[in-house]
$ cat start_38.cif   # mmCIF, C-alpha atoms
data_coords
#
loop_
_atom_site.label_atom_id
_atom_site.label_comp_id
_atom_site.auth_asym_id
_atom_site.auth_seq_id
_atom_site.Cartn_x
_atom_site.Cartn_y
_atom_site.Cartn_z
CA MET J 1 106.30 95.96 104.79
CA THR J 2 106.74 92.27 104.16
CA THR J 3 104.19 89.89 105.60
CA ALA J 4 104.13 86.10 105.64
CA THR J 5 104.66 84.83 102.11
CA PRO J 6 101.50 84.20 100.06
CA ILE J 7 101.08 81.37 97.54
CA LEU J 8 100.46 82.00 93.86
CA TYR J 9 98.17 79.62 91.98
CA GLU J 10 99.08 79.80 88.33
CA SER J 11 99.57 77.98 85.05
CA LYS J 12 102.46 78.15 82.61
CA GLY J 13 100.01 78.34 79.68
CA SER J 14 98.02 81.30 81.02
CA PRO J 15 98.93 84.75 79.63
CA ASN J 16 97.33 86.35 82.70
CA ALA J 17 99.53 84.24 84.97
CA ARG J 18 102.54 85.33 82.92
CA ARG J 19 101.71 88.97 83.68
CA VAL J 20 102.13 88.14 87.37
CA ARG J 21 105.24 85.97 86.87
CA ILE J 22 107.04 88.78 85.02
CA PHE J 23 106.01 91.27 87.73
CA ILE J 24 107.47 88.98 90.42
CA ALA J 25 110.66 88.44 88.40
CA GLU J 26 111.15 92.19 87.93
CA LYS J 27 110.76 92.72 91.68
CA GLY J 28 113.28 90.00 92.39
CA ILE J 29 111.07 88.42 95.04
CA ASP J 30 110.38 84.78 95.69
CA ILE J 31 106.71 83.75 95.85
CA PRO J 32 105.91 80.04 96.15
CA THR J 33 103.67 78.81 93.36
CA LYS J 34 101.24 75.94 92.90
CA PRO J 35 100.41 74.83 89.36
CA VAL J 36 96.80 74.56 88.20
CA ASP J 37 96.43 72.18 85.22
CA LEU J 38 94.15 74.05 82.82
CA GLY J 39 94.48 71.26 80.22
CA ALA J 40 92.91 68.84 82.72
CA LYS J 41 90.29 71.51 83.66
CA GLU J 42 91.60 71.54 87.22
CA GLN J 43 90.33 75.11 87.56
CA PHE J 44 86.77 73.71 87.64
CA SER J 45 87.55 71.17 90.38
CA ASP J 46 85.89 71.56 93.76
CA ALA J 47 89.32 71.93 95.34
CA TYR J 48 90.23 74.91 93.14
CA ARG J 49 86.76 76.44 93.32
CA ALA J 50 87.28 76.56 97.08
CA ILE J 51 90.32 78.75 96.40
CA ASN J 52 88.84 80.84 93.57
CA PRO J 53 85.10 80.36 92.95
CA ARG J 54 85.55 82.00 89.56
CA SER J 55 87.80 79.15 88.35
CA GLN J 56 90.45 81.54 87.07
CA VAL J 57 94.21 81.75 87.39
CA PRO J 58 96.22 83.51 88.65
CA ALA J 59 95.11 83.78 92.27
CA LEU J 60 97.19 84.81 95.27
CA ALA J 61 96.30 83.17 98.58
CA LEU J 62 97.45 85.46 101.39
CA ALA J 63 98.95 83.76 104.42
CA ASP J 64 96.54 85.50 106.76
CA GLY J 65 93.36 85.82 104.80
CA PRO J 66 91.51 86.08 101.58
CA VAL J 67 92.48 84.92 98.14
CA ILE J 68 93.25 87.83 95.82
CA ALA J 69 92.23 87.22 92.21
CA GLU J 70 92.53 89.47 89.15
CA VAL J 71 95.99 90.42 87.86
CA LEU J 72 95.67 94.10 88.77
CA ALA J 73 94.69 93.24 92.34
CA ILE J 74 97.57 90.78 92.74
CA TRP J 75 99.97 93.37 91.38
CA ARG J 76 98.63 96.00 93.77
CA TYR J 77 99.11 93.68 96.75
CA LEU J 78 102.65 92.78 95.73
CA GLU J 79 103.57 96.42 95.04
CA GLU J 80 102.42 97.42 98.54
CA ALA J 81 103.90 94.42 100.33
CA TYR J 82 107.21 94.51 98.41
CA PRO J 83 107.73 98.16 97.48
CA GLN J 84 111.23 97.69 96.07
CA THR J 85 111.51 98.23 92.30
CA PRO J 86 108.16 99.97 91.86
CA LEU J 87 106.29 98.79 88.77
CA LEU J 88 103.06 100.75 89.23
CA GLY J 89 104.70 104.20 89.36
CA SER J 90 106.41 106.15 92.12
CA THR J 91 104.70 109.58 92.11
CA ALA J 92 101.04 110.59 91.84
CA LYS J 93 101.59 111.44 88.19
CA SER J 94 103.55 108.33 87.26
CA LYS J 95 101.08 106.09 89.11
CA ALA J 96 98.30 107.64 87.05
CA LEU J 97 100.22 107.29 83.78
CA VAL J 98 101.09 103.64 84.45
CA THR J 99 97.44 102.95 85.30
CA MET J 100 96.30 104.69 82.11
CA TRP J 101 98.73 103.00 79.73
CA GLU J 102 98.49 99.57 81.33
CA ARG J 103 94.72 99.81 81.02
CA ARG J 104 94.92 100.76 77.34
CA ALA J 105 97.27 97.83 76.70
CA GLU J 106 94.80 95.54 78.39
CA LEU J 107 91.53 96.86 76.99
CA ASP J 108 92.78 97.62 73.47
CA GLY J 109 95.31 94.79 73.11
CA PHE J 110 95.16 91.95 75.58
CA ALA J 111 91.34 91.74 75.82
CA PRO J 112 90.80 91.67 72.02
CA VAL J 113 93.39 88.89 71.62
CA MET J 114 91.58 86.91 74.32
CA GLU J 115 88.21 87.67 72.75
CA GLY J 116 89.44 86.57 69.33
CA VAL J 117 90.69 83.29 70.77
CA ARG J 118 87.76 82.47 73.06
CA ASN J 119 85.12 83.08 70.40
CA ALA J 120 86.99 80.90 67.87
CA VAL J 121 88.49 77.85 69.56
CA ALA J 122 86.35 74.72 69.29
CA GLY J 123 87.31 73.59 72.80
CA LEU J 124 85.85 76.80 74.26
CA LYS J 125 82.32 76.42 72.87
CA GLY J 126 79.96 77.67 75.56
CA ARG J 127 82.94 79.26 77.36
CA ALA J 128 83.29 82.47 75.33
CA LEU J 129 84.08 84.40 78.49
CA SER J 130 86.29 83.28 81.35
CA GLY J 131 84.62 83.03 84.74
CA PRO J 132 81.83 81.13 86.45
CA HIS J 133 79.15 81.54 83.76
CA ALA J 134 78.62 79.81 80.41
CA TYR J 135 78.27 82.10 77.41
CA GLU J 136 78.05 80.99 73.79
CA GLN J 137 80.66 82.05 71.26
CA ILE J 138 79.78 84.83 68.80
CA PRO J 139 81.74 84.16 65.59
CA GLU J 140 81.26 87.76 64.37
CA LEU J 141 83.57 88.85 67.19
CA ILE J 142 86.58 87.09 65.69
CA ALA J 143 87.08 89.52 62.80
CA ARG J 144 86.34 92.56 64.97
CA SER J 145 88.81 91.37 67.59
CA LYS J 146 91.53 90.95 64.97
CA GLN J 147 90.89 94.45 63.63
CA ARG J 148 91.19 95.78 67.19
CA VAL J 149 94.52 93.97 67.65
CA ALA J 150 95.79 95.51 64.40
CA ASP J 151 94.68 98.96 65.64
CA PHE J 152 96.41 98.31 68.98
CA PHE J 153 99.71 97.56 67.23
CA ALA J 154 99.40 100.78 65.20
CA ASP J 155 98.41 102.96 68.17
CA PHE J 156 101.15 101.61 70.41
CA ASN J 157 103.71 101.93 67.62
CA GLU J 158 102.83 105.63 67.46
CA ARG J 159 103.18 105.89 71.24
CA LEU J 160 106.53 104.09 71.21
CA GLU J 161 107.88 106.49 68.59
CA THR J 162 107.98 109.12 71.36
CA VAL J 163 108.84 107.19 74.55
CA ARG J 164 111.31 104.47 75.56
CA PHE J 165 108.78 102.50 77.61
CA VAL J 166 104.99 102.38 77.30
CA ALA J 167 104.26 104.66 80.26
CA GLY J 168 107.31 106.91 79.75
CA ASP J 169 110.92 106.76 80.92
CA ASP J 170 110.69 103.73 83.21
CA PHE J 171 109.82 100.07 82.71
CA SER J 172 106.43 99.41 84.33
CA ALA J 173 103.43 97.13 84.48
CA ALA J 174 102.27 98.77 81.25
CA ASP J 175 105.26 97.16 79.49
CA ILE J 176 104.42 93.79 81.03
CA THR J 177 100.88 93.78 79.65
CA THR J 178 102.05 95.04 76.26
CA LEU J 179 104.77 92.36 76.03
CA VAL J 180 102.41 89.55 77.03
CA THR J 181 99.86 90.87 74.53
CA ALA J 182 102.38 90.90 71.67
CA ASP J 183 103.47 87.32 72.36
CA PHE J 184 99.86 86.19 72.88
CA ALA J 185 98.78 87.75 69.56
CA ALA J 186 101.68 86.10 67.72
CA ASN J 187 101.08 82.68 69.25
CA ALA J 188 97.30 82.47 69.48
CA LEU J 189 96.12 84.62 66.55
CA THR J 190 99.22 84.35 64.30
CA MET J 191 99.42 88.15 64.45
CA PRO J 192 103.06 89.09 65.05
CA ILE J 193 104.18 92.72 65.26
CA PRO J 194 103.65 94.14 61.74
CA VAL J 195 107.01 94.81 60.07
CA GLU J 196 106.18 98.46 59.40
CA HIS J 197 105.81 99.16 63.14
CA THR J 198 109.51 99.65 63.76
CA ALA J 199 109.10 101.57 67.02
CA PHE J 200 107.02 98.75 68.50
CA GLN J 201 109.67 96.24 67.35
CA ARG J 202 112.51 98.35 68.83
CA TRP J 203 110.64 98.40 72.16
CA TYR J 204 109.85 94.67 71.93
CA ASP J 205 113.48 93.75 71.33
CA GLU J 206 114.49 95.70 74.42
CA VAL J 207 111.87 94.40 76.87
CA SER J 208 111.92 90.80 75.64
CA ALA J 209 115.67 90.72 76.30
CA ARG J 210 115.11 91.40 80.01
CA PRO J 211 115.54 88.26 82.15
CA SER J 212 111.95 88.66 83.42
CA ALA J 213 110.56 87.99 79.94
CA ALA J 214 111.46 84.32 80.33
CA ALA J 215 109.06 84.05 83.29
CA MET Y 1 100.54 116.18 98.88
CA THR Y 2 98.35 118.71 97.13
CA THR Y 3 99.57 120.18 93.88
CA ALA Y 4 98.08 122.90 91.72
CA THR Y 5 94.47 122.04 91.01
CA PRO Y 6 93.81 120.08 87.83
CA ILE Y 7 90.77 120.53 85.55
CA LEU Y 8 88.26 117.75 84.94
CA TYR Y 9 86.69 117.50 81.49
CA GLU Y 10 83.40 115.69 81.87
CA SER Y 11 79.80 115.34 80.84
CA LYS Y 12 76.68 115.03 83.00
CA GLY Y 13 75.38 112.26 80.72
CA SER Y 14 78.47 110.06 80.91
CA PRO Y 15 78.36 107.19 83.41
CA ASN Y 16 82.17 107.08 83.39
CA ALA Y 17 82.28 110.78 84.30
CA ARG Y 18 79.82 110.07 87.13
CA ARG Y 19 82.28 107.53 88.58
CA VAL Y 20 84.79 110.38 88.92
CA ARG Y 21 82.24 112.92 90.19
CA ILE Y 22 81.13 110.59 93.01
CA PHE Y 23 84.78 109.90 93.90
CA ILE Y 24 85.46 113.65 94.15
CA ALA Y 25 82.29 114.22 96.21
CA GLU Y 26 83.25 111.44 98.65
CA LYS Y 27 86.69 113.01 99.10
CA GLY Y 28 85.13 116.40 99.73
CA ILE Y 29 87.56 118.10 97.38
CA ASP Y 30 86.89 120.81 94.85
CA ILE Y 31 88.08 120.15 91.29
CA PRO Y 32 87.14 122.67 88.60
CA THR Y 33 85.25 121.08 85.71
CA LYS Y 34 84.70 121.90 82.06
CA PRO Y 35 81.69 120.37 80.31
CA VAL Y 36 82.08 118.46 77.05
CA ASP Y 37 78.85 118.35 75.03
CA LEU Y 38 78.57 114.72 73.90
CA GLY Y 39 75.17 115.41 72.29
CA ALA Y 40 76.86 117.92 69.97
CA LYS Y 41 79.76 115.46 69.43
CA GLU Y 42 82.17 117.98 70.98
CA GLN Y 43 84.42 115.06 71.98
CA PHE Y 44 85.36 114.66 68.30
CA SER Y 45 86.25 118.35 67.84
CA ASP Y 46 89.84 119.31 67.12
CA ALA Y 47 89.88 121.31 70.36
CA TYR Y 48 88.93 118.31 72.48
CA ARG Y 49 91.11 115.89 70.53
CA ALA Y 50 94.04 118.12 71.49
CA ILE Y 51 93.14 117.40 75.13
CA ASN Y 52 92.28 113.70 74.74
CA PRO Y 53 93.10 112.16 71.33
CA ARG Y 54 90.81 109.26 72.16
CA SER Y 55 87.74 111.56 72.26
CA GLN Y 56 86.58 110.22 75.62
CA VAL Y 57 85.41 111.77 78.86
CA PRO Y 58 86.33 112.03 81.64
CA ALA Y 59 89.86 113.42 81.35
CA LEU Y 60 91.89 115.18 84.02
CA ALA Y 61 94.29 117.87 82.79
CA LEU Y 62 97.06 118.27 85.36
CA ALA Y 63 98.25 121.79 86.01
CA ASP Y 64 101.87 120.87 85.32
CA GLY Y 65 101.67 118.24 82.66
CA PRO Y 66 99.88 115.49 80.87
CA VAL Y 67 96.20 114.80 80.59
CA ILE Y 68 95.17 111.71 82.54
CA ALA Y 69 92.38 109.71 80.91
CA GLU Y 70 90.66 106.50 82.02
CA VAL Y 71 88.60 106.50 85.22
CA LEU Y 72 90.97 104.23 87.15
CA ALA Y 73 93.95 106.44 86.32
CA ILE Y 74 92.10 109.61 87.35
CA TRP Y 75 91.06 107.96 90.60
CA ARG Y 76 94.63 106.86 91.28
CA TYR Y 77 95.94 110.38 90.73
CA LEU Y 78 93.30 111.92 93.00
CA GLU Y 79 93.85 109.28 95.70
CA GLU Y 80 97.58 110.06 95.76
CA ALA Y 81 97.23 113.83 95.54
CA TYR Y 82 94.35 114.04 98.04
CA PRO Y 83 94.87 111.09 100.40
CA GLN Y 84 92.10 112.06 102.83
CA THR Y 85 89.12 109.66 102.86
CA PRO Y 86 90.83 106.78 101.05
CA LEU Y 87 88.56 105.16 98.47
CA LEU Y 88 91.08 102.69 96.97
CA GLY Y 89 91.91 100.97 100.27
CA SER Y 90 94.29 101.80 103.11
CA THR Y 91 96.36 98.62 103.63
CA ALA Y 92 98.02 96.24 101.17
CA LYS Y 93 95.16 93.80 101.65
CA SER Y 94 92.33 96.31 101.38
CA LYS Y 95 93.94 97.98 98.33
CA ALA Y 96 94.02 94.57 96.67
CA LEU Y 97 90.42 93.78 97.63
CA VAL Y 98 89.13 97.13 96.39
CA THR Y 99 91.02 96.62 93.11
CA MET Y 100 89.58 93.12 92.75
CA TRP Y 101 85.95 93.99 93.50
CA GLU Y 102 85.97 97.25 91.58
CA ARG Y 103 87.33 95.37 88.59
CA ARG Y 104 84.63 92.72 88.81
CA ALA Y 105 81.96 95.42 89.02
CA GLU Y 106 83.42 97.02 85.93
CA LEU Y 107 84.13 93.94 83.81
CA ASP Y 108 81.05 91.92 84.82
CA GLY Y 109 78.59 94.79 85.27
CA PHE Y 110 79.51 98.16 83.87
CA ALA Y 111 81.16 96.89 80.64
CA PRO Y 112 78.25 94.59 79.70
CA VAL Y 113 75.74 97.43 80.21
CA MET Y 114 77.88 99.64 77.97
CA GLU Y 115 78.25 96.84 75.41
CA GLY Y 116 74.52 96.22 75.39
CA VAL Y 117 73.86 99.90 74.75
CA ARG Y 118 76.58 100.57 72.18
CA ASN Y 119 75.71 97.57 70.03
CA ALA Y 120 72.02 98.48 70.01
CA VAL Y 121 71.54 102.24 69.75
CA ALA Y 122 70.91 103.50 66.21
CA GLY Y 123 72.92 106.67 66.82
CA LEU Y 124 76.03 104.58 67.60
CA LYS Y 125 76.14 102.65 64.32
CA GLY Y 126 79.81 102.27 63.40
CA ARG Y 127 80.73 103.34 66.97
CA ALA Y 128 80.24 100.04 68.80
CA LEU Y 129 83.31 100.74 70.93
CA SER Y 130 84.30 104.05 72.46
CA GLY Y 131 87.64 105.46 71.39
CA PRO Y 132 89.40 106.63 68.25
CA HIS Y 133 88.44 103.75 65.96
CA ALA Y 134 85.21 102.90 64.16
CA TYR Y 135 83.82 99.41 64.75
CA GLU Y 136 80.50 98.10 63.50
CA GLN Y 137 77.80 96.97 65.90
CA ILE Y 138 77.27 93.22 66.43
CA PRO Y 139 73.58 92.72 67.26
CA GLU Y 140 74.24 89.24 68.72
CA LEU Y 141 76.06 90.98 71.58
CA ILE Y 142 72.90 92.64 72.87
CA ALA Y 143 71.32 89.47 74.29
CA ARG Y 144 74.62 88.17 75.64
CA SER Y 145 75.29 91.51 77.34
CA LYS Y 146 71.88 91.47 79.00
CA GLN Y 147 72.47 87.93 80.27
CA ARG Y 148 75.80 89.09 81.70
CA VAL Y 149 74.09 92.00 83.47
CA ALA Y 150 71.55 89.58 84.98
CA ASP Y 151 74.42 87.35 86.16
CA PHE Y 152 76.18 90.39 87.62
CA PHE Y 153 73.11 91.30 89.69
CA ALA Y 154 72.88 87.71 90.99
CA ASP Y 155 76.60 87.40 91.75
CA PHE Y 156 76.79 90.75 93.54
CA ASN Y 157 73.60 90.00 95.46
CA GLU Y 158 75.33 86.88 96.78
CA ARG Y 159 78.38 88.95 97.70
CA LEU Y 160 76.27 91.60 99.43
CA GLU Y 161 74.57 88.95 101.56
CA THR Y 162 77.87 88.66 103.44
CA VAL Y 163 79.34 92.17 103.47
CA ARG Y 164 78.07 95.70 104.09
CA PHE Y 165 79.96 97.25 101.18
CA VAL Y 166 81.19 95.62 97.96
CA ALA Y 167 84.84 95.34 99.02
CA GLY Y 168 84.10 94.67 102.71
CA ASP Y 169 83.54 96.92 105.74
CA ASP Y 170 84.26 100.28 104.13
CA PHE Y 171 82.72 102.29 101.31
CA SER Y 172 85.15 102.29 98.38
CA ALA Y 173 85.55 102.80 94.66
CA ALA Y 174 84.04 99.33 94.22
CA ASP Y 175 80.75 100.71 95.54
CA ILE Y 176 80.98 103.67 93.17
CA THR Y 177 81.27 101.47 90.07
CA THR Y 178 78.54 99.14 91.32
CA LEU Y 179 76.17 102.04 92.02
CA VAL Y 180 76.79 103.67 88.64
CA THR Y 181 76.31 100.28 86.96
CA ALA Y 182 72.96 99.68 88.69
CA ASP Y 183 71.63 103.10 87.67
CA PHE Y 184 73.04 102.74 84.13
CA ALA Y 185 71.41 99.30 83.71
CA ALA Y 186 68.06 100.63 84.94
CA ASN Y 187 68.16 103.72 82.73
CA ALA Y 188 69.78 102.45 79.53
CA LEU Y 189 68.73 98.78 79.41
CA THR Y 190 65.54 98.98 81.51
CA MET Y 191 67.12 96.41 83.82
CA PRO Y 192 66.54 97.55 87.42
CA ILE Y 193 67.73 95.50 90.39
CA PRO Y 194 65.64 92.29 90.32
CA VAL Y 195 63.17 92.25 93.22
CA GLU Y 196 64.44 88.90 94.52
CA HIS Y 197 67.95 90.35 95.06
CA THR Y 198 67.16 91.85 98.44
CA ALA Y 199 70.78 92.13 99.61
CA PHE Y 200 71.69 94.14 96.50
CA GLN Y 201 68.66 96.38 97.12
CA ARG Y 202 69.57 96.85 100.82
CA TRP Y 203 73.07 97.92 99.72
CA TYR Y 204 71.68 100.15 96.96
CA ASP Y 205 69.35 101.96 99.34
CA GLU Y 206 72.27 102.71 101.66
CA VAL Y 207 74.79 103.93 99.08
CA SER Y 208 72.31 105.85 96.96
CA ALA Y 209 71.30 107.83 100.08
CA ARG Y 210 74.84 109.18 100.45
CA PRO Y 211 75.13 112.82 99.31
CA SER Y 212 77.78 111.79 96.75
CA ALA Y 213 75.23 109.74 94.81
CA ALA Y 214 73.69 112.96 93.52
CA ALA Y 215 76.98 113.83 91.79
#
$ encode --input "start_38.cif" --output "structure tokens"
Amino acid sequence: MTTATPILYESKGSPNARRVRIFIAEKGIDIPTKPVDLGAKEQFSDAYRAINPRSQVPALALADGPVIAEVLAIWRYLEEAYPQTPLLGSTAKSKALVTMWERRAELDGFAPVMEGVRNAVAGLKGRALSGPHAYEQIPELIARSKQRVADFFADFNERLETVRFVAGDDFSAADITTLVTADFAANALTMPIPVEHTAFQRWYDEVSARPSAAA
Amino acid sequence: MTTATPILYESKGSPNARRVRIFIAEKGIDIPTKPVDLGAKEQFSDAYRAINPRSQVPALALADGPVIAEVLAIWRYLEEAYPQTPLLGSTAKSKALVTMWERRAELDGFAPVMEGVRNAVAGLKGRALSGPHAYEQIPELIARSKQRVADFFADFNERLETVRFVAGDDFSAADITTLVTADFAANALTMPIPVEHTAFQRWYDEVSARPSAAA
């Protein structure tokens, strides 16, 4: 089923937007995009709040209705609307395994990188959590977040010693979140893949060579 | 498609396990369960680690293969294997909306309740996060978590002023997470639904009267 084309609001600097861009590139579909200038705080403008009241990117405005926010929700819409090249699994079991491993990559890897950044950066004082509400930074979270990122690299290295891709035999959304997390950790926390985690590095070299990784 | 029946490892005291029990009750299916005694720390036993190395419940052991952990992954498996009474949406748009609202209930409501509890309870010292790794509690998180739970009640009250169920017209997994969050906040943080949030209370009265809520 393909419906009228939606519009993706996104930002080149947003790791969450990159998760959606890679997904779209892997599917080989063409979704028009509109940039949101996070540097100029455009996400807090009245115009963007009318699109996404939570002031977050990415957001997918459907041609015939609501705006879909949250990466997992945008992915789910795109997977259903453009079923070619499934990235969320193709059987009951593989759908469950992709959900499980993508979630672990997000909760154990991506979220701690984000937490480490948002509780540290001076420009995010009073914005420790993304979304509509103001929360103060908690500096004690920085060290804990970095320890969690180190544990994520170790746990996923162990996983990748036994499988080609994060969720098993096939490239999936779990690889997308893991790739974006690895680059995000290297760039924002100066935590590249530890040299001893050779299975993680082998996997990284393979997935980052895919054309979609440039998205 | 119905395959050989899996086995659900769960605990009556686990709010995450309750999310799966309600889902199963709403579907009207019969899944055999095995209790895991969290009070006796059975989740850390060698026997249970062989089932789920992350020492978490719930976990769904498939008859023909891997163990599926993580509530969202278990739901996804059950939805695919037992498609009657869809709880994750039935069209591309409703699947996306259920994913979006369920995620907000979890990240803005359920997770802050859990964070408030795990960083406070004496018996969870050194176990501030569920899973295989030991992390120290950060007492500063307790107040921030409670503020987030208060914001969740207000935000979802506003949502429920305009819709019957959290994701729209139909009962869905988003209602399950919201219901479990409300009961968890009342029981574990002594934060019941604020009296001024009448739309949230109207919704709560309706969903908690469903037979599945007793699960």
$ atom_distance --input "start_38.cif" --atom1 "CA of Arg49 in chain Y" --atom2 "CA of Gly131 in chain Y"
11.0 Å
$ closest_residue --input "start_38.cif" --among "J:Asp151, J:Glu42, J:Asp175, J:Asp170" --to "chain Y" --atoms "all atoms listed in the file"
J:Asp151
$ interface_residues --input "start_38.cif" --of "chain J" --to "chain Y" --cutoff "9 Å" --atoms "only C-alpha atoms" --output "VMD selection string"
chain J and resid 62 65 to 66 68 to 81 91 to 101 103 to 104 133 135 to 136 138 140 to 141 144 147 to 148 151
$ residues_around --input "start_38.cif" --residues "Ile29 in chain J" --least-positions-apart "5" --cutoff "12 Å" --atoms "only C-alpha atoms" --output "PyMOL selection string"
chain J and resi 2+5-6+20-24+78-79+81-85+212
$ write_last_selection --input "start_38.cif" --atoms "C-alpha atoms" --output "tab-separated table (two decimals), in the coordinates of the input"
chain	number	residue	atom	x	y	z
J	2	THR	CA	106.74	92.27	104.16
J	5	THR	CA	104.66	84.83	102.11
J	6	PRO	CA	101.50	84.20	100.06
J	20	VAL	CA	102.13	88.14	87.37
J	21	ARG	CA	105.24	85.97	86.87
J	22	ILE	CA	107.04	88.78	85.02
J	23	PHE	CA	106.01	91.27	87.73
J	24	ILE	CA	107.47	88.98	90.42
J	78	LEU	CA	102.65	92.78	95.73
J	79	GLU	CA	103.57	96.42	95.04
J	81	ALA	CA	103.90	94.42	100.33
J	82	TYR	CA	107.21	94.51	98.41
J	83	PRO	CA	107.73	98.16	97.48
J	84	GLN	CA	111.23	97.69	96.07
J	85	THR	CA	111.51	98.23	92.30
J	212	SER	CA	111.95	88.66	83.42
$ resolve_selection --input "start_38.cif" --expression "the PyMOL selection byres ((chain J and resi 115) around 12)" --output "NGL selection string"
:J and (106-114 or 116-121 or 124 or 127-130 or 137-149 or 184-185 or 188-189)
$ closest_residue --input "start_38.cif" --among "Y:Ala59, Y:Ala154, Y:Ala17, Y:Ala174" --to "Val207 in chain Y" --atoms "all atoms listed in the file"
Y:Ala174
$ atom_distance --input "start_38.cif" --atom1 "CA of His197 in chain Y" --atom2 "CA of Phe152 in chain Y"
11.1 Å
$ resolve_selection --input "start_38.cif" --expression "the PyMOL selection byres ((chain Y and resi 178-180) around 7)" --output "list in words"
Pro15, Arg19, Ala105, Ala174, Asp175, Ile176, Thr177, Thr181, Ala182, Asp183, Phe184 and Tyr204 of chain Y
$ atom_distance --input "start_38.cif" --atom1 "CA of Ser14 in chain Y" --atom2 "CA of Val166 in chain Y"
22.5 Å
$ axis_aligned_box --input "start_38.cif" --around "range 175-193 of chain J" --padding-each-side "4 Å" --output "JSON"
{"center_x": 100.7, "center_y": 89.8, "center_z": 72.7, "size_x": 17.1, "size_y": 22.7, "size_z": 24.7}
$ decode --input "start_38.cif" --residues "range 81-92 of chain Y" --atoms "N, CA and C atoms" --output "mmCIF file, in the first residue's frame"
data_model
loop_
_atom_site.group_PDB
_atom_site.id
_atom_site.type_symbol
_atom_site.label_atom_id
_atom_site.label_comp_id
_atom_site.auth_asym_id
_atom_site.auth_seq_id
_atom_site.Cartn_x
_atom_site.Cartn_y
_atom_site.Cartn_z
ATOM 1 N N ALA Y 81 1.369 -13.605 16.049
ATOM 2 C CA ALA Y 81 0.995 -15.021 16.151
ATOM 3 C C ALA Y 81 -0.489 -15.198 16.433
ATOM 4 N N TYR Y 82 -1.083 -14.216 17.104
ATOM 5 C CA TYR Y 82 -2.513 -14.280 17.473
ATOM 6 C C TYR Y 82 -3.168 -12.971 17.043
ATOM 7 N N PRO Y 83 -3.422 -12.804 15.737
ATOM 8 C CA PRO Y 83 -3.841 -11.485 15.246
ATOM 9 C C PRO Y 83 -5.241 -11.044 15.675
ATOM 10 N N GLN Y 84 -6.024 -11.922 16.257
ATOM 11 C CA GLN Y 84 -7.369 -11.497 16.678
ATOM 12 C C GLN Y 84 -7.276 -10.390 17.725
ATOM 13 N N THR Y 85 -8.260 -9.503 17.729
ATOM 14 C CA THR Y 85 -8.280 -8.362 18.662
ATOM 15 C C THR Y 85 -6.961 -7.601 18.615
ATOM 16 N N PRO Y 86 -6.701 -6.900 17.501
ATOM 17 C CA PRO Y 86 -5.421 -6.180 17.410
ATOM 18 C C PRO Y 86 -5.290 -5.118 18.494
ATOM 19 N N LEU Y 87 -4.135 -5.086 19.122
ATOM 20 C CA LEU Y 87 -3.856 -4.114 20.188
ATOM 21 C C LEU Y 87 -2.717 -3.173 19.817
ATOM 22 N N LEU Y 88 -2.092 -3.409 18.650
ATOM 23 C CA LEU Y 88 -1.001 -2.539 18.187
ATOM 24 C C LEU Y 88 -1.417 -1.758 16.947
ATOM 25 N N GLY Y 89 -2.732 -1.669 16.703
ATOM 26 C CA GLY Y 89 -3.230 -0.956 15.537
ATOM 27 C C GLY Y 89 -3.569 -1.893 14.403
ATOM 28 N N SER Y 90 -4.386 -1.408 13.449
ATOM 29 C CA SER Y 90 -4.831 -2.282 12.355
ATOM 30 C C SER Y 90 -4.585 -1.679 10.983
ATOM 31 N N THR Y 91 -4.195 -0.422 10.893
ATOM 32 C CA THR Y 91 -3.818 0.202 9.622
ATOM 33 C C THR Y 91 -2.441 0.826 9.812
ATOM 34 N N ALA Y 92 -1.815 1.250 8.711
ATOM 35 C CA ALA Y 92 -0.502 1.886 8.828
ATOM 36 C C ALA Y 92 -0.576 3.068 9.797
#
